[in-house]
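Below is one structure, written out as structure tokens; comments come after it.
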Amino acid sequence: AQSVTQLDSHVSVSEGTPVLLRCNYSSSYSPSLFWYVQHPNKGLQLLLKYTSAATLVKGINGFEAEFKKSETSFHLTKPSAHMSDAAEYFCVVSTNTDKLIFGTGTRLQVFP
Amino acid sequence: KAGVTQTPRYLIKTRGQQVTLSCSPISGHRSVSWYQQTPGQGLQFLFEYFSETQRNKGNFPGRFSGRQFSNSRSEMNVSTLELGDSALYLCASSFLSAGAFSSYNEQFFGPGTRLTVL
């Protein structure tokens, strides 16, 4: 069965400092992995996706993630946080039956 | 291009009632998926429709049902509402050809319908 574990429920950073949101996955086959962001009272927006092409995936708004099979990780990073990055972030894996399985989410706070 | 729209945005019902939520996908998108988001259970997959057929179903009771129309618009229905059905219900659409997997294509989410059951 496929699953994702987001290792931090909350992450706080200062504006201008790096962001690291951690995600480990479990999959019996080569997975498709995604990061979505949800701003308050808004729907989910895709940040980036990995589908077995390049292991370093670049997304929108300066985010990127690296697929590491040996560590079963897909951590999300950004070099410099902006106030507008404050939101909830979800790591997602697709299943072989074409469902999306969401992690429990990481709430990112950005302080000025 | 207009995004995914969901109506209504907010809904208050009482236990035992039923409710119908509507989702209009992005023009040209043929796959529509529904998700339930609650603080306790997080985001959970309900079902997915493609070309008016349910292709996938999550682990929800039969009180949760859906359908898709020929114009790809979708509705989900919850009968005999329970307090635990209070949630944000999200709809997502995806462009894919027949036989393709929607998870390989970006799913575009609507803003959701917030259902409160009293």
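Residue numbers start at 1 in each chain; chains themselves are named A, B, ... in the order of the structure tokens; ligands are numbered from 1 in the order shown.
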> Leaving out stretch 73-76 of chain A and any residue of its chain fewer than 2 positions from it, which residues lie within 9 Å of it when counting only C-alpha atoms, given as an MDAnalysis selection string?
Replying inline: chainID A and resid 19:26 33:35 50 63:71 78 91
Could you produce a table of the residues of stretch 12-48 of chain B lying within 9 Å of stretch 108-116 of chain B, with the nearest pair of atoms per residue and their separation in Å rounded to one decimal, using only C-alpha atoms, ordered by chain and increasing residue number, as a Markdown table?
| residue | atom | partner | partner_atom | distance |
| --- | --- | --- | --- | --- |
| B:Ile12 | CA | B:Thr116 | CA | 4.8 |
| B:Lys13 | CA | B:Thr116 | CA | 6.2 |
| B:Thr14 | CA | B:Thr116 | CA | 8.2 |
| B:Leu21 | CA | B:Thr113 | CA | 7.4 |
| B:Ser22 | CA | B:Thr113 | CA | 8.8 |
| B:Cys23 | CA | B:Gly110 | CA | 8.0 |
| B:Ser24 | CA | B:Gly110 | CA | 8.8 |
| B:Pro25 | CA | B:Gly110 | CA | 8.4 |
| B:Ile26 | CA | B:Phe108 | CA | 8.1 |
>> Could you work out which residues of chain A fall inside 7 Å of chain B? Count only C-alpha atoms, and format the result as a PyMOL selection string.
In response: chain A and resi 42-45+94+98-100+102+104
> What residues in chain B get the DSSP label strand (DSSP E or B)? Please answer as a VMD selection string.
Replying inline: chain B and resid 5 to 7 10 to 13 19 to 24 31 to 38 42 to 50 53 to 57 64 to 68 74 to 78 87 to 94 108 to 109 113 to 117
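Across B:Gln37, B:Asn59, B:Phe64, B:Gly3, the tightest approach to B:Glu82 is made by B:Phe64 when counting only C-alpha atoms.
Backbone DSSP over chain B yields helix (DSSP H, G or I) at Leu83, Gly84, Asp85, Ser102, Ser103 and Tyr104 of chain B.
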How about saving the chosen residues, N, CA, C and O atoms kept, as a tab-separated table (two decimals), in the first residue's frame?
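Writing the result to out-v6.tsv gives the following:
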chain	number	residue	atom	x	y	z
B	83	LEU	N	-23.28	13.99	12.20
B	83	LEU	CA	-22.44	15.10	12.66
B	83	LEU	C	-21.03	15.00	12.08
B	83	LEU	O	-20.41	16.01	11.73
B	84	GLY	N	-20.53	13.78	11.94
B	84	GLY	CA	-19.18	13.55	11.45
B	84	GLY	C	-19.00	13.87	9.98
B	84	GLY	O	-17.87	13.84	9.49
B	85	ASP	N	-20.08	14.17	9.30
B	85	ASP	CA	-19.96	14.53	7.87
B	85	ASP	C	-19.59	15.99	7.69
B	85	ASP	O	-19.34	16.43	6.56
B	102	SER	N	-5.44	9.79	-13.95
B	102	SER	CA	-5.57	11.20	-13.59
B	102	SER	C	-4.46	11.63	-12.64
B	102	SER	O	-4.10	12.78	-12.58
B	103	SER	N	-3.90	10.69	-11.88
B	103	SER	CA	-2.87	11.09	-10.93
B	103	SER	C	-1.58	11.51	-11.63
B	103	SER	O	-0.73	12.14	-11.03
B	104	TYR	N	-1.43	11.17	-12.90
B	104	TYR	CA	-0.25	11.61	-13.62
B	104	TYR	C	-0.43	13.01	-14.21
B	104	TYR	O	0.48	13.59	-14.74
>> What does the structure give for the distance between atom CA of B:Phe60 and atom CA of A:Gln6, in Å to one decimal?
In response: 23.6 Å
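Distance annotation: of B:Arg63, B:Val32, B:Pro8, B:Ser86, the residue with the minimal separation from B:Leu118 is B:Ser86; atom set is only C-alpha atoms.
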